[in-house]
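Coordinates as given in input_27.pdb (PDB, C-alpha atoms and all ligand atoms):
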```pdb
MODEL        1
ATOM      1  CA  MET A   1     -34.083-177.521 -60.751  1.00  0.00           C
ATOM      2  CA  LYS A   2     -33.359-178.850 -64.238  1.00  0.00           C
ATOM      3  CA  SER A   3     -35.737-177.408 -66.792  1.00  0.00           C
ATOM      4  CA  GLY A   4     -37.942-179.753 -68.806  1.00  0.00           C
ATOM      5  CA  LYS A   5     -37.524-180.685 -72.456  1.00  0.00           C
ATOM      6  CA  ILE A   6     -39.653-179.669 -75.424  1.00  0.00           C
ATOM      7  CA  PHE A   7     -40.649-182.381 -77.901  1.00  0.00           C
ATOM      8  CA  VAL A   8     -42.386-181.437 -81.122  1.00  0.00           C
ATOM      9  CA  PHE A   9     -44.192-184.026 -83.219  1.00  0.00           C
ATOM     10  CA  SER A  10     -45.004-183.404 -86.850  1.00  0.00           C
ATOM     11  CA  ALA A  11     -46.453-185.770 -89.432  1.00  0.00           C
ATOM     12  CA  PRO A  12     -48.519-185.751 -92.595  1.00  0.00           C
ATOM     13  CA  SER A  13     -52.132-186.694 -91.879  1.00  0.00           C
ATOM     14  CA  GLY A  14     -52.527-190.454 -91.946  1.00  0.00           C
ATOM     15  CA  ALA A  15     -49.131-191.180 -90.380  1.00  0.00           C
ATOM     16  CA  GLY A  16     -50.652-192.128 -87.011  1.00  0.00           C
ATOM     17  CA  LYS A  17     -49.236-189.276 -84.932  1.00  0.00           C
ATOM     18  CA  THR A  18     -52.170-188.752 -82.554  1.00  0.00           C
ATOM     19  CA  THR A  19     -52.396-192.428 -81.574  1.00  0.00           C
ATOM     20  CA  LEU A  20     -48.638-192.586 -81.049  1.00  0.00           C
ATOM     21  CA  MET A  21     -48.674-189.447 -78.889  1.00  0.00           C
ATOM     22  CA  ASN A  22     -51.504-190.838 -76.747  1.00  0.00           C
ATOM     23  CA  ARG A  23     -49.542-194.059 -76.214  1.00  0.00           C
ATOM     24  CA  LEU A  24     -46.467-192.031 -75.296  1.00  0.00           C
ATOM     25  CA  LYS A  25     -48.415-190.161 -72.623  1.00  0.00           C
ATOM     26  CA  GLN A  26     -49.203-193.559 -71.047  1.00  0.00           C
ATOM     27  CA  GLN A  27     -45.580-194.693 -71.324  1.00  0.00           C
ATOM     28  CA  ILE A  28     -44.136-191.465 -69.880  1.00  0.00           C
ATOM     29  CA  PRO A  29     -46.750-189.966 -67.555  1.00  0.00           C
ATOM     30  CA  GLN A  30     -44.648-186.894 -66.707  1.00  0.00           C
ATOM     31  CA  LEU A  31     -45.128-185.583 -70.278  1.00  0.00           C
ATOM     32  CA  VAL A  32     -47.513-182.631 -70.530  1.00  0.00           C
ATOM     33  CA  TYR A  33     -49.492-181.879 -73.676  1.00  0.00           C
ATOM     34  CA  SER A  34     -49.029-178.311 -74.846  1.00  0.00           C
ATOM     35  CA  ILE A  35     -52.327-176.413 -74.741  1.00  0.00           C
ATOM     36  CA  SER A  36     -52.816-174.179 -77.766  1.00  0.00           C
ATOM     37  CA  ALA A  37     -54.866-171.021 -78.026  1.00  0.00           C
ATOM     38  CA  THR A  38     -57.547-170.665 -80.682  1.00  0.00           C
ATOM     39  CA  THR A  39     -60.326-168.399 -81.921  1.00  0.00           C
ATOM     40  CA  ARG A  40     -62.384-171.458 -82.925  1.00  0.00           C
ATOM     41  CA  LYS A  41     -65.578-171.886 -80.898  1.00  0.00           C
ATOM     42  CA  PRO A  42     -65.416-174.691 -78.305  1.00  0.00           C
ATOM     43  CA  ARG A  43     -66.938-177.989 -79.426  1.00  0.00           C
ATOM     44  CA  ALA A  44     -69.272-179.894 -77.098  1.00  0.00           C
ATOM     45  CA  GLY A  45     -67.258-181.123 -74.129  1.00  0.00           C
ATOM     46  CA  GLU A  46     -64.231-178.908 -74.760  1.00  0.00           C
ATOM     47  CA  ILE A  47     -63.041-177.032 -71.685  1.00  0.00           C
ATOM     48  CA  ASN A  48     -61.195-173.724 -71.683  1.00  0.00           C
ATOM     49  CA  GLY A  49     -57.658-174.254 -70.375  1.00  0.00           C
ATOM     50  CA  THR A  50     -57.823-178.026 -70.853  1.00  0.00           C
ATOM     51  CA  HIS A  51     -58.352-178.600 -74.568  1.00  0.00           C
ATOM     52  CA  TYR A  52     -57.546-175.088 -75.748  1.00  0.00           C
ATOM     53  CA  PHE A  53     -57.424-171.558 -74.440  1.00  0.00           C
ATOM     54  CA  PHE A  54     -60.383-170.030 -76.269  1.00  0.00           C
ATOM     55  CA  PHE A  55     -59.988-166.391 -77.301  1.00  0.00           C
ATOM     56  CA  SER A  56     -61.951-163.893 -79.334  1.00  0.00           C
ATOM     57  CA  GLU A  57     -60.316-162.752 -82.563  1.00  0.00           C
ATOM     58  CA  SER A  58     -59.445-159.351 -81.100  1.00  0.00           C
ATOM     59  CA  GLU A  59     -57.895-160.926 -77.988  1.00  0.00           C
ATOM     60  CA  PHE A  60     -55.871-163.287 -80.180  1.00  0.00           C
ATOM     61  CA  LYS A  61     -54.623-160.433 -82.379  1.00  0.00           C
ATOM     62  CA  GLU A  62     -53.574-158.434 -79.313  1.00  0.00           C
ATOM     63  CA  LYS A  63     -51.551-161.426 -78.180  1.00  0.00           C
ATOM     64  CA  ILE A  64     -49.902-161.725 -81.593  1.00  0.00           C
ATOM     65  CA  ASN A  65     -48.918-158.059 -81.340  1.00  0.00           C
ATOM     66  CA  SER A  66     -47.469-158.464 -77.883  1.00  0.00           C
ATOM     67  CA  ASP A  67     -45.484-161.495 -79.092  1.00  0.00           C
ATOM     68  CA  ASP A  68     -47.216-163.893 -76.709  1.00  0.00           C
ATOM     69  CA  PHE A  69     -47.096-166.809 -79.176  1.00  0.00           C
ATOM     70  CA  ALA A  70     -44.074-168.978 -79.900  1.00  0.00           C
ATOM     71  CA  GLU A  71     -45.793-169.747 -83.224  1.00  0.00           C
ATOM     72  CA  TRP A  72     -49.221-169.163 -84.679  1.00  0.00           C
ATOM     73  CA  ALA A  73     -51.123-169.812 -87.886  1.00  0.00           C
ATOM     74  CA  GLU A  74     -54.492-169.324 -89.513  1.00  0.00           C
ATOM     75  CA  VAL A  75     -56.095-172.716 -90.189  1.00  0.00           C
ATOM     76  CA  HIS A  76     -59.487-173.079 -91.919  1.00  0.00           C
ATOM     77  CA  GLY A  77     -60.440-169.488 -91.072  1.00  0.00           C
ATOM     78  CA  ASN A  78     -59.507-169.635 -87.378  1.00  0.00           C
ATOM     79  CA  TYR A  79     -56.357-168.626 -85.561  1.00  0.00           C
ATOM     80  CA  TYR A  80     -54.290-171.130 -83.581  1.00  0.00           C
ATOM     81  CA  GLY A  81     -51.129-170.523 -81.599  1.00  0.00           C
ATOM     82  CA  THR A  82     -48.804-171.872 -78.948  1.00  0.00           C
ATOM     83  CA  PRO A  83     -48.593-169.546 -75.924  1.00  0.00           C
ATOM     84  CA  ARG A  84     -45.043-168.975 -74.720  1.00  0.00           C
ATOM     85  CA  SER A  85     -46.304-168.672 -71.124  1.00  0.00           C
ATOM     86  CA  PHE A  86     -47.599-172.254 -71.104  1.00  0.00           C
ATOM     87  CA  ILE A  87     -44.339-173.653 -72.496  1.00  0.00           C
ATOM     88  CA  ASP A  88     -42.248-171.590 -70.084  1.00  0.00           C
ATOM     89  CA  SER A  89     -44.202-172.415 -66.934  1.00  0.00           C
ATOM     90  CA  THR A  90     -44.216-176.118 -67.841  1.00  0.00           C
ATOM     91  CA  ILE A  91     -40.510-176.489 -68.532  1.00  0.00           C
ATOM     92  CA  ASN A  92     -39.528-174.183 -65.658  1.00  0.00           C
ATOM     93  CA  SER A  93     -41.391-176.515 -63.309  1.00  0.00           C
ATOM     94  CA  GLY A  94     -39.172-179.348 -64.587  1.00  0.00           C
ATOM     95  CA  ALA A  95     -41.971-181.095 -66.537  1.00  0.00           C
ATOM     96  CA  HIS A  96     -41.517-182.060 -70.192  1.00  0.00           C
ATOM     97  CA  ILE A  97     -43.839-180.767 -72.854  1.00  0.00           C
ATOM     98  CA  MET A  98     -44.959-182.434 -76.068  1.00  0.00           C
ATOM     99  CA  MET A  99     -46.627-180.610 -78.883  1.00  0.00           C
ATOM    100  CA  ASP A 100     -48.319-181.469 -82.086  1.00  0.00           C
ATOM    101  CA  ILE A 101     -47.520-178.842 -84.705  1.00  0.00           C
ATOM    102  CA  ASP A 102     -47.033-178.796 -88.423  1.00  0.00           C
ATOM    103  CA  VAL A 103     -43.719-178.319 -90.203  1.00  0.00           C
ATOM    104  CA  GLN A 104     -44.224-174.562 -90.733  1.00  0.00           C
ATOM    105  CA  GLY A 105     -45.132-174.128 -87.060  1.00  0.00           C
ATOM    106  CA  LYS A 106     -42.021-176.004 -85.964  1.00  0.00           C
ATOM    107  CA  MET A 107     -39.872-173.712 -88.111  1.00  0.00           C
ATOM    108  CA  GLN A 108     -41.390-170.683 -86.345  1.00  0.00           C
ATOM    109  CA  LEU A 109     -41.033-172.294 -82.930  1.00  0.00           C
ATOM    110  CA  ASP A 110     -37.330-172.976 -83.511  1.00  0.00           C
ATOM    111  CA  LYS A 111     -36.652-169.227 -83.520  1.00  0.00           C
ATOM    112  CA  ALA A 112     -37.864-168.919 -79.923  1.00  0.00           C
ATOM    113  CA  TYR A 113     -36.912-172.412 -78.698  1.00  0.00           C
ATOM    114  CA  PRO A 114     -33.940-173.694 -80.723  1.00  0.00           C
ATOM    115  CA  GLU A 115     -33.510-176.499 -78.192  1.00  0.00           C
ATOM    116  CA  ALA A 116     -36.919-178.028 -79.085  1.00  0.00           C
ATOM    117  CA  VAL A 117     -36.437-181.625 -80.245  1.00  0.00           C
ATOM    118  CA  GLY A 118     -38.164-182.404 -83.554  1.00  0.00           C
ATOM    119  CA  ILE A 119     -39.697-185.817 -84.190  1.00  0.00           C
ATOM    120  CA  LEU A 120     -41.059-186.473 -87.641  1.00  0.00           C
ATOM    121  CA  ILE A 121     -43.443-189.394 -87.993  1.00  0.00           C
ATOM    122  CA  LEU A 122     -43.773-190.881 -91.445  1.00  0.00           C
ATOM    123  CA  PRO A 123     -45.856-193.647 -92.989  1.00  0.00           C
ATOM    124  CA  PRO A 124     -43.793-196.557 -94.381  1.00  0.00           C
ATOM    125  CA  SER A 125     -44.558-195.568 -97.991  1.00  0.00           C
ATOM    126  CA  ILE A 126     -46.684-193.278-100.135  1.00  0.00           C
ATOM    127  CA  GLU A 127     -48.813-196.284-101.116  1.00  0.00           C
ATOM    128  CA  GLU A 128     -49.471-197.043 -97.456  1.00  0.00           C
ATOM    129  CA  LEU A 129     -50.319-193.390 -96.745  1.00  0.00           C
ATOM    130  CA  GLU A 130     -52.843-193.418 -99.596  1.00  0.00           C
ATOM    131  CA  LYS A 131     -54.331-196.651 -98.261  1.00  0.00           C
ATOM    132  CA  ARG A 132     -54.700-195.165 -94.743  1.00  0.00           C
ATOM    133  CA  LEU A 133     -56.279-191.974 -96.045  1.00  0.00           C
ATOM    134  CA  ARG A 134     -58.716-194.053 -98.123  1.00  0.00           C
ATOM    135  CA  LYS A 135     -59.587-196.164 -95.106  1.00  0.00           C
ATOM    136  CA  ARG A 136     -60.690-193.063 -93.215  1.00  0.00           C
ATOM    137  CA  GLY A 137     -63.397-193.074 -95.813  1.00  0.00           C
ATOM    138  CA  SER A 138     -65.030-189.662 -95.810  1.00  0.00           C
ATOM    139  CA  GLU A 139     -63.148-188.165 -98.755  1.00  0.00           C
ATOM    140  CA  ASP A 140     -63.987-188.018-102.444  1.00  0.00           C
ATOM    141  CA  GLU A 141     -61.233-188.609-105.033  1.00  0.00           C
ATOM    142  CA  ALA A 142     -60.400-184.918-105.500  1.00  0.00           C
ATOM    143  CA  THR A 143     -60.073-184.310-101.740  1.00  0.00           C
ATOM    144  CA  LEU A 144     -58.002-187.454-101.367  1.00  0.00           C
ATOM    145  CA  ALA A 145     -55.655-186.382-104.169  1.00  0.00           C
ATOM    146  CA  LEU A 146     -55.266-182.956-102.542  1.00  0.00           C
ATOM    147  CA  ARG A 147     -54.563-184.451 -99.095  1.00  0.00           C
ATOM    148  CA  LEU A 148     -51.991-186.767-100.607  1.00  0.00           C
ATOM    149  CA  LYS A 149     -50.322-183.914-102.480  1.00  0.00           C
ATOM    150  CA  ASN A 150     -50.243-181.785 -99.296  1.00  0.00           C
ATOM    151  CA  ALA A 151     -48.787-184.703 -97.353  1.00  0.00           C
ATOM    152  CA  LEU A 152     -45.976-185.093 -99.897  1.00  0.00           C
ATOM    153  CA  THR A 153     -45.227-181.362 -99.826  1.00  0.00           C
ATOM    154  CA  GLU A 154     -45.117-181.422 -96.023  1.00  0.00           C
ATOM    155  CA  ILE A 155     -42.735-184.410 -95.990  1.00  0.00           C
ATOM    156  CA  ASN A 156     -40.439-182.708 -98.509  1.00  0.00           C
ATOM    157  CA  THR A 157     -40.427-179.415 -96.572  1.00  0.00           C
ATOM    158  CA  ALA A 158     -39.736-181.255 -93.322  1.00  0.00           C
ATOM    159  CA  LYS A 159     -36.816-183.112 -94.849  1.00  0.00           C
ATOM    160  CA  SER A 160     -35.286-180.165 -96.694  1.00  0.00           C
ATOM    161  CA  ALA A 161     -35.934-177.179 -94.407  1.00  0.00           C
ATOM    162  CA  GLY A 162     -37.151-178.522 -91.071  1.00  0.00           C
ATOM    163  CA  LYS A 163     -35.128-179.363 -87.969  1.00  0.00           C
ATOM    164  CA  TYR A 164     -36.089-182.928 -87.076  1.00  0.00           C
ATOM    165  CA  GLU A 165     -33.485-184.812 -85.108  1.00  0.00           C
ATOM    166  CA  HIS A 166     -35.523-188.020 -85.285  1.00  0.00           C
ATOM    167  CA  VAL A 167     -37.499-189.576 -88.101  1.00  0.00           C
ATOM    168  CA  ILE A 168     -39.746-192.427 -87.031  1.00  0.00           C
ATOM    169  CA  ILE A 169     -41.326-194.711 -89.610  1.00  0.00           C
ATOM    170  CA  ASN A 170     -44.719-195.885 -88.395  1.00  0.00           C
ATOM    171  CA  ASP A 171     -44.606-199.294 -90.093  1.00  0.00           C
ATOM    172  CA  ASP A 172     -45.719-201.195 -87.004  1.00  0.00           C
ATOM    173  CA  PHE A 173     -47.512-199.304 -84.234  1.00  0.00           C
ATOM    174  CA  ASN A 174     -45.954-201.081 -81.237  1.00  0.00           C
ATOM    175  CA  ARG A 175     -42.472-200.969 -82.696  1.00  0.00           C
ATOM    176  CA  ALA A 176     -42.757-197.259 -83.548  1.00  0.00           C
ATOM    177  CA  ALA A 177     -44.158-196.496 -80.057  1.00  0.00           C
ATOM    178  CA  ARG A 178     -41.188-198.252 -78.442  1.00  0.00           C
ATOM    179  CA  GLU A 179     -38.722-196.398 -80.673  1.00  0.00           C
ATOM    180  CA  ILE A 180     -40.212-193.005 -79.776  1.00  0.00           C
ATOM    181  CA  GLU A 181     -40.209-193.870 -76.085  1.00  0.00           C
ATOM    182  CA  THR A 182     -36.494-194.752 -76.286  1.00  0.00           C
ATOM    183  CA  VAL A 183     -35.742-191.483 -78.071  1.00  0.00           C
ATOM    184  CA  LEU A 184     -37.601-189.375 -75.482  1.00  0.00           C
ATOM    185  CA  ARG A 185     -36.064-191.183 -72.524  1.00  0.00           C
ATOM    186  CA  SER A 186     -32.592-190.533 -73.962  1.00  0.00           C
ATOM    187  CA  TYR A 187     -33.276-186.781 -73.549  1.00  0.00           C
ATOM    188  CA  ILE A 188     -35.201-186.998 -70.270  1.00  0.00           C
ATOM    189  CA  ASP A 189     -32.567-189.131 -68.581  1.00  0.00           C
ATOM    190  CA  ARG A 190     -29.700-186.854 -69.591  1.00  0.00           C
TER     191      ARG A 190
HETATM  192  P1  LIG B   1     -59.038-178.379 -84.507  1.00  0.00           P
HETATM  193  O1  LIG B   1     -59.826-177.123 -84.722  1.00  0.00           O
HETATM  194  O2  LIG B   1     -59.619-179.546 -85.233  1.00  0.00           O
HETATM  195  O3  LIG B   1     -58.828-178.655 -83.039  1.00  0.00           O
HETATM  196  O4  LIG B   1     -57.585-178.130 -85.127  1.00  0.00           O
HETATM  197  C1  LIG B   1     -57.490-177.727 -86.446  1.00  0.00           C
HETATM  198  C2  LIG B   1     -56.048-177.573 -86.868  1.00  0.00           C
HETATM  199  O5  LIG B   1     -55.370-176.586 -86.118  1.00  0.00           O
HETATM  200  C3  LIG B   1     -55.223-178.847 -86.739  1.00  0.00           C
HETATM  201  O6  LIG B   1     -54.737-179.176 -88.017  1.00  0.00           O
HETATM  202  C4  LIG B   1     -54.107-178.491 -85.822  1.00  0.00           C
HETATM  203  O7  LIG B   1     -52.896-179.057 -86.242  1.00  0.00           O
HETATM  204  C5  LIG B   1     -54.032-176.981 -85.914  1.00  0.00           C
HETATM  205  N1  LIG B   1     -53.534-176.438 -84.654  1.00  0.00           N
HETATM  206  C6  LIG B   1     -53.978-176.714 -83.404  1.00  0.00           C
HETATM  207  N2  LIG B   1     -53.253-176.064 -82.493  1.00  0.00           N
HETATM  208  C7  LIG B   1     -52.305-175.362 -83.162  1.00  0.00           C
HETATM  209  C8  LIG B   1     -51.227-174.479 -82.736  1.00  0.00           C
HETATM  210  O8  LIG B   1     -50.979-174.211 -81.564  1.00  0.00           O
HETATM  211  N3  LIG B   1     -50.474-173.951 -83.728  1.00  0.00           N
HETATM  212  C9  LIG B   1     -50.697-174.200 -85.045  1.00  0.00           C
HETATM  213  N4  LIG B   1     -49.886-173.647 -85.933  1.00  0.00           N
HETATM  214  N5  LIG B   1     -51.678-175.029 -85.477  1.00  0.00           N
HETATM  215  C10 LIG B   1     -52.475-175.595 -84.540  1.00  0.00           C
ENDMDL
END
```
Take the structure I supplied and represent it as structure tokens, if you would.
Amino acid sequence: MKSGKIFVFSAPSGAGKTTLMNRLKQQIPQLVYSISATTRKPRAGEINGTHYFFFSESEFKEKINSDDFAEWAEVHGNYYGTPRSFIDSTINSGAHIMMDIDVQGKMQLDKAYPEAVGILILPPSIEELEKRLRKRGSEDEATLALRLKNALTEINTAKSAGKYEHVIINDDFNRAAREIETVLRSYIDR
């Protein structure tokens, strides 16, 4: 059986990645979302093995030591990682996997899975990104400035050091969704 493909989506916050990935799952039902592992406590309604694999810190560290993660990071005081076993069993069954990881995570992942296809989603302009972040509302000026600065750093790192075969500008949601679908089908149908 042909093994499945790995698609990695990265984007600065405010680029619309999550909505685009959800649409893609409707367009291509045989795509499987990668399930990450975390030491964060489950939120109400989150199910172990569906939303995340929930581990204690000591369990997670053991798994780091035994090289069970294709990539991992500490985010806001908790550990998060992508289990190799989940990727391997998914693609070995012939299904395609899509994952949502940041630029640093993708660089780590490339060492284990150089064939992973990188898709970078960008807002049409910095002005538009600022507008979208403002529209989310909750942030004060200092937080907004920091988020914007981090977004710019992430875009620059992605462009200079990352491996992204496809850059999609999310100027119009439906157009961008169609473009991503075409890109994915070009790999799936190979
Ligand atoms: P949350 O706790 O809100 O579900 O996720 C918090 C952060 O962890 C998000 O920014 C998300 O991108 C990051 N994250 C989730 N899963 C993974 C993973 O498998 N690897 C890495 N590096 N980051 C992850």
So which residues touch stretch 7-10 of chain A within 7 Å, counting all atoms listed in the file, skipping near sequence neighbours fewer than 5 positions away, as an mmCIF file with C-alpha atoms, keeping the file's coordinate frame?
```
data_model
loop_
_atom_site.group_PDB
_atom_site.id
_atom_site.type_symbol
_atom_site.label_atom_id
_atom_site.label_comp_id
_atom_site.auth_asym_id
_atom_site.auth_seq_id
_atom_site.Cartn_x
_atom_site.Cartn_y
_atom_site.Cartn_z
ATOM 1 C CA ILE A 97 -43.839 -180.767 -72.854
ATOM 2 C CA MET A 98 -44.959 -182.434 -76.068
ATOM 3 C CA MET A 99 -46.627 -180.610 -78.883
ATOM 4 C CA ASP A 100 -48.319 -181.469 -82.086
ATOM 5 C CA ILE A 101 -47.520 -178.842 -84.705
ATOM 6 C CA ASP A 102 -47.033 -178.796 -88.423
ATOM 7 C CA VAL A 103 -43.719 -178.319 -90.203
ATOM 8 C CA ALA A 116 -36.919 -178.028 -79.085
ATOM 9 C CA VAL A 117 -36.437 -181.625 -80.245
ATOM 10 C CA GLY A 118 -38.164 -182.404 -83.554
ATOM 11 C CA ILE A 119 -39.697 -185.817 -84.190
ATOM 12 C CA LEU A 120 -41.059 -186.473 -87.641
ATOM 13 C CA ILE A 121 -43.443 -189.394 -87.993
#
```
Hey, what's within 9 Å of stretch 178-188 of chain A if we count only C-alpha atoms and toss same-chain stuff fewer than 3 positions away? As a compact mmCIF listing (two decimals) with C-alpha atoms, keeping the file's coordinate frame, please?
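Dumped to selection_17.txt:
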```
# COMPACT_ATOMS: atom_id res chain seq x y z
CA GLY A 4 -37.94 -179.75 -68.81
CA LYS A 5 -37.52 -180.68 -72.46
CA PHE A 7 -40.65 -182.38 -77.90
CA LEU A 20 -48.64 -192.59 -81.05
CA LEU A 24 -46.47 -192.03 -75.30
CA GLN A 27 -45.58 -194.69 -71.32
CA ILE A 28 -44.14 -191.46 -69.88
CA HIS A 96 -41.52 -182.06 -70.19
CA ILE A 119 -39.70 -185.82 -84.19
CA HIS A 166 -35.52 -188.02 -85.28
CA ILE A 168 -39.75 -192.43 -87.03
CA PHE A 173 -47.51 -199.30 -84.23
CA ASN A 174 -45.95 -201.08 -81.24
CA ARG A 175 -42.47 -200.97 -82.70
```
Nearest to A:Gln108, restricted to only C-alpha atoms and choosing among A:Gln30, A:Ser3, A:Ser13, A:Thr82, comes out as A:Thr82
Using all atoms listed in the file, what does the table of chain A residues within 8 Å of ligand LIG 1 (chain B) look like, with each row giving the shortest atom pair and its distance in Å to one decimal, sorted by chain and ascending number, as CSV?
```
residue,atom,partner,partner_atom,distance
A:Ile35,CA,B:LIG1,O8,7.3
A:Ser36,CA,B:LIG1,O8,4.2
A:Ala37,CA,B:LIG1,O8,6.1
A:Thr38,CA,B:LIG1,N2,7.1
A:Arg40,CA,B:LIG1,O1,6.5
A:Glu71,CA,B:LIG1,N4,6.3
A:Trp72,CA,B:LIG1,N4,4.7
A:Ala73,CA,B:LIG1,N4,4.5
A:Glu74,CA,B:LIG1,N4,7.3
A:Val75,CA,B:LIG1,O5,5.7
A:His76,CA,B:LIG1,C1,7.5
A:Asn78,CA,B:LIG1,O1,8.0
A:Tyr79,CA,B:LIG1,N5,7.9
A:Tyr80,CA,B:LIG1,C8,4.6
A:Gly81,CA,B:LIG1,O8,3.7
A:Thr82,CA,B:LIG1,O8,4.1
A:Pro83,CA,B:LIG1,O8,7.7
A:Asp100,CA,B:LIG1,O7,6.6
A:Ile101,CA,B:LIG1,O7,5.6
A:Asp102,CA,B:LIG1,O7,6.3
A:Gln104,CA,B:LIG1,N4,7.5
A:Gly105,CA,B:LIG1,N4,4.9
```
Take the point (-53.8, -172.0, -74.2) as written in the file and pick out every residue within 12 Å of it, counting all atoms listed in the file; give the list as an MDAnalysis selection string.
chainID A and resid 33:39 47:55 60 63 68:70 72 80:87
Using only C-alpha atoms, which protein or nucleic acid residues come within 12 Å of A:Met1? Drop anything in the same chain fewer than 4 positions from it, and give the result as a PyMOL selection string.
chain A and resi 91-95
Centre and edges of the stretch 90-93 of chain A box, axis-aligned, 5 Å extra per side, as JSON:
```
{"center_x": -41.9, "center_y": -175.3, "center_z": -65.9, "size_x": 14.7, "size_y": 12.3, "size_z": 15.2}
```
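If you look at atom CA of A:Asn170 and atom CA of A:Glu127, they are 13.4 Å away from each other.
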Which residue gives the smallest distance to A:Arg147 among A:Thr18, A:Lys41, A:Arg132, A:Lys159, with all atoms listed in the file counted?
A:Arg132
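Across the structure, atom CA of A:Tyr164 and atom CA of A:Leu122 are spaced 11.9 Å apart.
Relative to atom CA of A:Ile169, atom CA of A:Lys131 is found at 15.7 Å.
Closest approach to A:Gly162 among A:Ala145, A:Ala44, A:Met107, A:Ile6: A:Met107, based on only C-alpha atoms.
Counting only C-alpha atoms and comparing A:Thr143, A:Leu152, A:Ala161, A:Ala112, the residue that lies closest to A:Asp67 is A:Ala112.
Residue nearest A:Leu129 within the list A:Asn65, A:Ser56, A:Ser89, A:Asn150: A:Asn150 [criterion: smallest interatomic distance, all atoms listed in the file].
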